[in-house]
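Enquirer: This is model28.csv (CSV, C-alpha atoms).
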chain,number,residue,atom,x,y,z
A,1,MET,CA,0.0,0.0,0.0
A,2,ASP,CA,1.0,3.6,-0.3
A,3,GLN,CA,1.1,5.2,3.1
A,4,ILE,CA,1.5,4.0,6.6
A,5,LEU,CA,-1.9,4.2,8.2
A,6,ARG,CA,-1.9,6.9,10.8
A,7,PHE,CA,-5.5,7.2,11.9
A,8,PRO,CA,-7.6,7.4,14.0
A,9,ASP,CA,-6.0,10.4,15.7
A,10,PRO,CA,-7.4,11.5,19.0
A,11,ASP,CA,-10.3,14.0,18.7
A,12,SER,CA,-10.1,17.5,20.1
A,13,SER,CA,-10.8,16.3,23.6
A,14,GLY,CA,-7.7,14.0,23.5
A,15,ARG,CA,-9.8,10.8,23.5
A,16,THR,CA,-9.9,8.3,20.7
A,17,ALA,CA,-13.2,8.5,19.0
A,18,ARG,CA,-15.6,5.7,19.7
A,19,GLY,CA,-17.4,3.4,17.3
A,20,SER,CA,-20.8,4.3,16.1
A,21,SER,CA,-23.8,3.1,18.1
A,22,GLY,CA,-26.3,3.5,15.2
A,23,PRO,CA,-27.4,0.7,13.0
A,24,ARG,CA,-26.2,2.1,9.7
A,25,ILE,CA,-23.9,4.9,8.4
A,26,LEU,CA,-24.4,6.5,5.0
A,27,SER,CA,-24.1,10.0,6.2
A,28,ILE,CA,-23.1,11.6,9.4
A,29,ASP,CA,-23.7,15.3,9.9
A,30,ARG,CA,-24.0,15.9,6.1
A,31,ILE,CA,-21.0,13.6,5.3
A,32,ASP,CA,-21.6,11.0,2.6
A,33,TYR,CA,-19.5,7.9,2.5
A,34,ARG,CA,-19.6,6.0,-0.8
A,35,THR,CA,-17.6,4.1,-3.4
A,36,ALA,CA,-15.9,6.6,-5.8
A,37,ARG,CA,-18.1,6.7,-8.8
A,38,SER,CA,-16.8,9.5,-11.0
A,39,ARG,CA,-13.6,11.1,-12.1
A,40,ALA,CA,-14.3,14.0,-9.8
A,41,ASP,CA,-14.5,11.6,-6.8
A,42,LEU,CA,-11.2,10.0,-7.7
A,43,ALA,CA,-9.5,13.3,-8.5
A,44,GLY,CA,-10.7,14.7,-5.1
A,45,ALA,CA,-9.3,11.6,-3.3
A,46,PHE,CA,-5.9,11.8,-5.1
A,47,ARG,CA,-5.6,15.6,-4.5
A,48,LEU,CA,-6.3,15.2,-0.8
A,49,LEU,CA,-3.9,12.3,-0.6
A,50,GLN,CA,-1.1,14.4,-2.1
A,51,GLN,CA,-1.9,17.5,0.0
A,52,ARG,CA,-1.9,15.6,3.3
A,53,TYR,CA,1.1,13.5,2.6
A,54,ALA,CA,3.2,16.4,1.4
A,55,ALA,CA,2.2,18.3,4.6
A,56,VAL,CA,3.6,15.5,6.9
A,57,GLY,CA,6.6,14.7,4.8
A,58,LEU,CA,5.4,11.4,3.2
A,59,SER,CA,5.4,12.9,-0.3
A,60,CYS,CA,7.6,15.4,-2.1
A,61,GLN,CA,6.3,18.9,-2.0
A,62,ASP,CA,7.1,19.4,-5.7
A,63,ALA,CA,5.2,16.2,-6.8
A,64,PRO,CA,2.1,16.5,-9.1
A,65,ASP,CA,-1.0,17.8,-7.4
A,66,MET,CA,-2.5,14.3,-7.3
A,67,ARG,CA,-0.9,11.3,-5.7
A,68,VAL,CA,-1.8,8.3,-7.9
A,69,LEU,CA,-0.1,5.0,-7.2
A,70,PRO,CA,0.1,2.1,-9.7
A,71,TYR,CA,-2.4,0.0,-7.7
A,72,HIS,CA,-5.0,2.8,-8.0
A,73,LEU,CA,-5.3,1.9,-11.7
A,74,TRP,CA,-5.9,-1.9,-11.0
A,75,ASP,CA,-9.3,-3.2,-11.6
A,76,GLN,CA,-9.2,-5.0,-8.2
A,77,THR,CA,-8.9,-1.7,-6.4
A,78,GLN,CA,-11.8,0.2,-4.8
A,79,VAL,CA,-11.5,3.8,-3.7
A,80,PHE,CA,-13.9,5.0,-1.1
A,81,VAL,CA,-14.6,8.7,-0.4
A,82,ALA,CA,-16.1,10.8,2.3
A,83,LEU,CA,-17.8,14.0,0.9
A,84,LYS,CA,-19.1,17.1,2.6
A,85,ARG,CA,-21.0,19.5,0.4
A,86,GLY,CA,-19.6,17.7,-2.7
A,87,GLU,CA,-16.0,18.1,-1.6
A,88,VAL,CA,-13.8,15.0,-0.8
A,89,ILE,CA,-12.6,15.3,2.8
A,90,GLY,CA,-11.5,11.7,3.3
A,91,SER,CA,-10.5,8.6,1.3
A,92,VAL,CA,-9.3,5.0,1.7
A,93,SER,CA,-8.6,2.2,-0.8
A,94,LEU,CA,-9.1,-1.5,-0.7
A,95,VAL,CA,-7.0,-3.6,-3.0
A,96,ARG,CA,-8.3,-7.2,-3.4
A,97,ASP,CA,-5.8,-9.9,-4.1
A,98,GLY,CA,-5.9,-10.8,-7.7
A,99,LYS,CA,-3.8,-10.9,-10.9
A,100,HIS,CA,-1.6,-8.0,-9.7
A,101,GLY,CA,-1.3,-9.4,-6.2
A,102,ILE,CA,-1.3,-6.7,-3.4
A,103,PRO,CA,1.1,-3.7,-3.0
A,104,MET,CA,2.6,-4.8,0.3
A,105,GLU,CA,4.2,-7.9,-1.4
A,106,SER,CA,7.1,-5.6,-2.4
A,107,THR,CA,8.1,-5.8,1.3
A,108,TYR,CA,6.2,-8.7,2.9
A,109,ALA,CA,6.1,-11.3,0.1
A,110,SER,CA,6.6,-14.3,2.3
A,111,ALA,CA,3.8,-13.3,4.8
A,112,VAL,CA,1.3,-12.7,1.9
A,113,ALA,CA,2.4,-16.1,0.3
A,114,ALA,CA,1.7,-17.9,3.6
A,115,LEU,CA,-1.8,-16.4,3.7
A,116,ARG,CA,-2.5,-17.6,0.2
A,117,GLY,CA,-1.1,-21.0,1.1
A,118,GLN,CA,-3.9,-21.2,3.7
A,119,GLY,CA,-6.5,-20.5,1.1
A,120,LEU,CA,-7.4,-17.2,2.6
A,121,ARG,CA,-8.9,-14.4,0.5
A,122,VAL,CA,-7.3,-11.1,1.5
A,123,GLY,CA,-7.3,-7.5,0.6
A,124,GLU,CA,-4.9,-4.6,1.5
A,125,VAL,CA,-6.1,-1.3,3.0
A,126,GLY,CA,-4.2,1.7,1.8
A,127,SER,CA,-4.1,5.4,0.9
A,128,LEU,CA,-6.0,6.4,4.0
A,129,THR,CA,-6.3,10.2,4.5
A,130,VAL,CA,-8.8,12.6,6.0
A,131,GLU,CA,-9.2,16.4,6.1
A,132,SER,CA,-10.6,17.2,9.5
A,133,SER,CA,-11.2,21.0,9.2
A,134,GLY,CA,-14.8,21.2,10.5
A,135,ALA,CA,-16.9,19.8,13.3
A,136,GLU,CA,-16.1,16.3,12.4
A,137,SER,CA,-13.1,14.7,13.9
A,138,SER,CA,-10.5,12.5,12.1
A,139,GLY,CA,-11.8,9.6,14.1
A,140,GLU,CA,-15.3,10.2,12.8
A,141,LEU,CA,-14.1,10.1,9.2
A,142,PHE,CA,-12.0,7.1,10.0
A,143,ARG,CA,-15.0,5.2,11.3
A,144,GLY,CA,-17.2,6.0,8.4
A,145,LEU,CA,-14.7,5.2,5.7
A,146,THR,CA,-13.4,2.0,7.2
A,147,ARG,CA,-17.0,0.8,8.0
A,148,LEU,CA,-18.0,1.0,4.4
A,149,MET,CA,-14.7,-0.6,3.3
A,150,LEU,CA,-15.2,-3.6,5.7
A,151,PHE,CA,-18.8,-4.1,4.7
A,152,GLN,CA,-17.7,-4.3,1.1
A,153,ALA,CA,-14.9,-6.7,2.0
A,154,ARG,CA,-17.5,-8.9,3.7
A,155,TYR,CA,-19.8,-8.6,0.7
A,156,LEU,CA,-17.0,-9.7,-1.6
A,157,GLY,CA,-16.2,-12.8,0.5
A,158,LEU,CA,-12.8,-11.7,1.9
A,159,ASP,CA,-11.5,-13.4,5.0
A,160,ASN,CA,-8.9,-10.8,6.1
A,161,VAL,CA,-7.6,-7.3,5.4
A,162,LEU,CA,-4.0,-6.4,5.7
A,163,ALA,CA,-2.3,-3.1,6.2
A,164,VAL,CA,1.1,-1.5,6.9
A,165,VAL,CA,1.0,0.9,9.8
A,166,HIS,CA,3.4,3.1,11.6
A,167,PRO,CA,4.9,1.2,14.6
A,168,ARG,CA,3.5,3.7,17.1
A,169,HIS,CA,-0.1,3.0,15.8
A,170,ALA,CA,0.1,-0.8,15.7
A,171,LYS,CA,-1.1,-1.1,19.3
A,172,PHE,CA,-4.4,0.7,18.5
A,173,TYR,CA,-5.2,-1.7,15.7
A,174,GLN,CA,-4.3,-4.7,17.9
A,175,LEU,CA,-6.4,-3.6,20.9
A,176,ALA,CA,-9.4,-1.9,19.3
A,177,MET,CA,-9.8,-4.0,16.2
A,178,GLY,CA,-8.1,-7.3,16.9
A,179,PHE,CA,-5.4,-7.0,14.3
A,180,GLU,CA,-2.3,-9.3,14.5
A,181,ARG,CA,1.3,-8.4,13.6
A,182,ILE,CA,2.5,-10.6,10.8
A,183,GLY,CA,5.9,-9.0,10.3
A,184,GLY,CA,8.5,-7.0,12.0
A,185,VAL,CA,9.5,-3.4,11.5
A,186,SER,CA,10.6,-2.7,7.9
A,187,GLN,CA,11.6,0.3,5.9
A,188,TYR,CA,8.6,0.6,3.6
A,189,ASP,CA,9.6,1.9,0.2
A,190,GLN,CA,6.1,3.1,-0.7
A,191,VAL,CA,6.4,5.8,1.9
A,192,GLY,CA,10.0,6.9,1.2
A,193,GLY,CA,11.6,4.2,3.4
A,194,GLN,CA,9.7,5.2,6.6
A,195,PRO,CA,9.2,2.4,9.2
A,196,GLY,CA,6.1,0.2,9.0
A,197,ILE,CA,4.7,-3.0,10.5
A,198,ALA,CA,2.4,-5.4,8.6
A,199,ILE,CA,-0.8,-6.3,10.4
A,200,LEU,CA,-3.7,-8.6,9.6
A,201,GLY,CA,-7.3,-8.3,10.7
A,202,SER,CA,-10.5,-10.4,10.4
A,203,VAL,CA,-13.3,-9.3,8.2
A,204,ASN,CA,-15.9,-11.7,9.7
A,205,ASP,CA,-14.9,-12.3,13.4
A,206,ARG,CA,-17.1,-9.8,15.3
A,207,LEU,CA,-15.6,-10.8,18.7
A,208,SER,CA,-12.0,-9.9,17.6
A,209,TYR,CA,-13.1,-6.2,17.6
A,210,GLY,CA,-13.3,-4.1,20.8
A,211,PRO,CA,-16.8,-3.5,22.2
A,212,ARG,CA,-16.8,0.1,21.1
A,213,TRP,CA,-16.1,-0.8,17.5
A,214,ARG,CA,-18.3,-3.9,16.9
A,215,SER,CA,-21.5,-2.2,16.1
A,216,ASN,CA,-19.7,0.2,13.7
A,217,TYR,CA,-18.3,-2.6,11.7
A,218,PHE,CA,-21.0,-5.3,11.9
A,219,ASP,CA,-24.4,-3.8,12.7
A,220,GLY,CA,-26.8,-2.6,9.9
A,221,THR,CA,-26.9,-3.2,6.2
A,222,TYR,CA,-26.1,-1.6,2.9
A,223,THR,CA,-27.7,-2.3,-0.4
A,224,ASP,CA,-26.1,-4.2,-3.2
A,225,ALA,CA,-25.8,-1.0,-5.2
A,226,GLU,CA,-23.9,0.6,-2.4
A,227,LEU,CA,-21.4,-2.3,-2.0
A,228,LYS,CA,-20.8,-3.5,-5.5
A,229,PRO,CA,-17.3,-2.8,-6.8
A,230,ARG,CA,-16.8,0.3,-9.0
A,231,PRO,CA,-13.4,-0.1,-10.6
A,232,MET,CA,-11.8,2.8,-12.4
A,233,SER,CA,-13.0,3.0,-16.0
A,234,ALA,CA,-10.5,2.5,-18.9
A,235,ALA,CA,-10.9,6.2,-19.8
A,236,ASP,CA,-10.2,7.3,-16.2
A,237,ARG,CA,-7.1,4.9,-16.1
A,238,ASP,CA,-5.7,6.7,-19.2
A,239,PHE,CA,-6.4,10.1,-17.6
A,240,PHE,CA,-4.9,9.3,-14.1
A,241,ARG,CA,-1.9,7.4,-15.6
A,242,HIS,CA,-0.3,10.8,-16.3
A,243,TYR,CA,-0.2,11.5,-12.6
A,244,LEU,CA,1.4,8.3,-11.5
A,245,THR,CA,3.7,8.8,-8.5
A,246,GLN,CA,7.0,7.0,-8.3
A,247,ASN,CA,8.3,5.7,-5.0
A,248,GLU,CA,10.8,8.3,-3.7
A,249,PRO,CA,13.0,8.6,-0.6
A,250,ILE,CA,11.5,11.2,1.7
A,251,ARG,CA,14.2,11.5,4.3
A,252,ARG,CA,14.8,15.2,3.9
A,253,ARG,CA,11.4,16.3,5.0
A,254,ARG,CA,12.2,17.9,8.3
A,255,ALA,CA,15.0,20.0,9.5
A,256,GLY,CA,16.2,19.7,13.1
When written as structure tokens, how does the structure in this file appear?
Expert:
Amino acid sequence: MDQILRFPDPDSSGRTARGSSGPRILSIDRIDYRTARSRADLAGAFRLLQQRYAAVGLSCQDAPDMRVLPYHLWDQTQVFVALKRGEVIGSVSLVRDGKHGIPMESTYASAVAALRGQGLRVGEVGSLTVESSGAESSGELFRGLTRLMLFQARYLGLDNVLAVVHPRHAKFYQLAMGFERIGGVSQYDQVGGQPGIAILGSVNDRLSYGPRWRSNYFDGTYTDAELKPRPMSAADRDFFRHYLTQNEPIRRRRAG
């Protein structure tokens, strides 16, 4: 995957945001969560990804104004967006294992091969980013985006989702969401050689999630139309191919 997952961040009170208690989330306080279904949705997601990553030193400041990774163009990739008043304020991607494999194999090939050897169907979570500039917290956007993503993963019959997270965030995923570490700390080339840890979570095991998160990820329903995959069209692949971002070392991002 592209970035090392860094959310959820604490909300403004300093507490980690709790899981939703409602039966279904399609919009929260005028925020709509959906599969990206237009070039505008995709462009908004890729622009936000570049802006946020450049701001924290995970992408070069002089890179194109959209951060598009090769896996974004794969037909097994689904981009999800959070929109407020038509503007993309959050995004995450799910890359299902398929003919291209999954991005983290560049660093964790043996771990992924072992999962395949067990007959497990997996997908990788990547390109998570949110813009928390209003009343909504980063944790709220994280909940809505990852909820829809996990519901689609279940709809598609996946067994597990994988991710590469920053070492200091691994404990959250382990305690709150039942993820397991499947690899040690590695320098992850898709974020400029920054450290990351590979983790694995269940799509279907409700009890592996902490009590505050279970209802968010398991209660309620979506329609088939809301969950069906919407891969990037051929025309959009040709358009976004011009913005492809190459892996680059980002070790000069901060002084002092």
Enquirer: For Ala111 (chain A), find every residue with an atom within 12 Å (counting only C-alpha atoms), except residues of its own chain fewer than 3 positions away, and show them as a compact mmCIF listing (two decimals) with C-alpha atoms, keeping the file's coordinate frame.
Expert:
# COMPACT_ATOMS: atom_id res chain seq x y z
CA ILE A 102 -1.30 -6.70 -3.40
CA MET A 104 2.60 -4.80 0.30
CA GLU A 105 4.20 -7.90 -1.40
CA SER A 106 7.10 -5.60 -2.40
CA THR A 107 8.10 -5.80 1.30
CA TYR A 108 6.20 -8.70 2.90
CA ALA A 114 1.70 -17.90 3.60
CA LEU A 115 -1.80 -16.40 3.70
CA ARG A 116 -2.50 -17.60 0.20
CA GLY A 117 -1.10 -21.00 1.10
CA GLN A 118 -3.90 -21.20 3.70
CA VAL A 122 -7.30 -11.10 1.50
CA LEU A 162 -4.00 -6.40 5.70
CA ALA A 163 -2.30 -3.10 6.20
CA ARG A 181 1.30 -8.40 13.60
CA ILE A 182 2.50 -10.60 10.80
CA GLY A 183 5.90 -9.00 10.30
CA GLY A 184 8.50 -7.00 12.00
CA ILE A 197 4.70 -3.00 10.50
CA ALA A 198 2.40 -5.40 8.60
CA ILE A 199 -0.80 -6.30 10.40
CA LEU A 200 -3.70 -8.60 9.60
Enquirer: One number please: CA of Ala40 (chain A) to CA of Tyr155 (chain A), in Å, one decimal.
Expert: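 CA of Tyr155 (chain A) lies at a distance of 25.5 Å from CA of Ala40 (chain A).
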Enquirer: Give the answer as one residue: which of A:Ser208, A:Ser110, A:Ser138, A:Gln51 has the shortest atom-to-atom distance to Leu175 (chain A), using all atoms listed in the file?
Expert: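 Ranked by minimum distance to Leu175 (chain A), first place goes to A:Ser208.
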Enquirer: List the residues sitting within 8 Å of (-12.4, 5.1, 2.8) in the file's frame, using all atoms listed in the file, as a list in words.
Expert: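 Every residue inside that radius is included here: Tyr33, Val79, Phe80, Val81, Ala82, Gly90, Ser91, Val92, Ser93, Leu128, Phe142, Gly144, Leu145, Thr146, Leu148 and Met149 of chain A.
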Enquirer: Compile the contact shell of Phe46 (chain A) as a VMD selection string: residues with an atom at most 9 Å away, counting all atoms listed in the file, same-chain residues fewer than 4 positions apart removed.
Expert: chain A and resid 41 to 42 50 to 51 65 to 68 91 127
Enquirer: Interatomic distance between CA of Tyr173 (chain A) and CA of Gly201 (chain A)?
Expert: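 So the two atoms, CA of Tyr173 (chain A) and CA of Gly201 (chain A), lie 8.5 Å apart.
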Enquirer: Tell me which protein, DNA and RNA residues are within 8 Å of Tyr209 (chain A), counting all atoms listed in the file, leaving out same-chain ones fewer than 4 positions away, and put them as a ChimeraX atom specification.
Expert: /A:175-178,205,213-214
Enquirer: In terms of the shortest atom-to-atom distance over all atoms listed in the file, which of A:Leu73, A:Val203, A:Ile89, A:Ala234 is closest to Gly123 (chain A)?
Expert: A:Val203
Enquirer: Which residue out of A:Arg85, A:Asp75, A:Ser202, A:Gly119 has the minimum interatomic distance to His100 (chain A) when all atoms listed in the file are used?
Expert: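 Closest to His100 (chain A) of all the choices is A:Asp75.
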Enquirer: What is the CA of Arg34 (chain A) to CA of Leu227 (chain A) distance in Å?
Expert: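 That distance, rounded to one decimal, is 8.6 Å.
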Enquirer: Would you mind completing region 100-114 of chain A so that it carries N, CA and C atoms, and writing it out as a short mmCIF file (atom, residue, chain, number, x, y, z; two decimals), in the frame of the given file?
Expert:
data_model
loop_
_atom_site.label_atom_id
_atom_site.label_comp_id
_atom_site.auth_asym_id
_atom_site.auth_seq_id
_atom_site.Cartn_x
_atom_site.Cartn_y
_atom_site.Cartn_z
N HIS A 100 -2.74 -8.90 -10.01
CA HIS A 100 -1.60 -8.00 -9.70
C HIS A 100 -1.03 -8.31 -8.31
N GLY A 101 -1.70 -9.18 -7.53
CA GLY A 101 -1.30 -9.40 -6.20
C GLY A 101 -1.78 -8.18 -5.31
N ILE A 102 -1.04 -7.85 -4.26
CA ILE A 102 -1.30 -6.70 -3.40
C ILE A 102 -0.05 -5.89 -3.25
N PRO A 103 -0.13 -4.57 -3.03
CA PRO A 103 1.10 -3.70 -3.00
C PRO A 103 2.11 -4.12 -1.96
N MET A 104 1.69 -4.58 -0.77
CA MET A 104 2.60 -4.80 0.30
C MET A 104 3.57 -6.01 0.02
N GLU A 105 3.29 -6.76 -1.03
CA GLU A 105 4.20 -7.90 -1.40
C GLU A 105 5.58 -7.40 -1.72
N SER A 106 5.73 -6.12 -2.09
CA SER A 106 7.10 -5.60 -2.40
C SER A 106 7.97 -5.69 -1.16
N THR A 107 7.38 -5.72 0.04
CA THR A 107 8.10 -5.80 1.30
C THR A 107 7.86 -7.03 2.09
N TYR A 108 6.64 -7.53 2.02
CA TYR A 108 6.20 -8.70 2.90
C TYR A 108 5.73 -9.83 2.02
N ALA A 109 6.53 -10.21 1.03
CA ALA A 109 6.10 -11.30 0.10
C ALA A 109 5.87 -12.59 0.79
N SER A 110 6.72 -12.99 1.71
CA SER A 110 6.60 -14.30 2.30
C SER A 110 5.34 -14.37 3.22
N ALA A 111 5.01 -13.28 3.91
CA ALA A 111 3.80 -13.30 4.80
C ALA A 111 2.55 -13.38 3.92
N VAL A 112 2.52 -12.68 2.78
CA VAL A 112 1.30 -12.70 1.90
C VAL A 112 1.24 -14.14 1.29
N ALA A 113 2.37 -14.72 0.89
CA ALA A 113 2.40 -16.10 0.30
C ALA A 113 1.83 -17.09 1.31
N ALA A 114 2.18 -16.92 2.58
CA ALA A 114 1.70 -17.90 3.60
C ALA A 114 0.19 -17.79 3.76
#
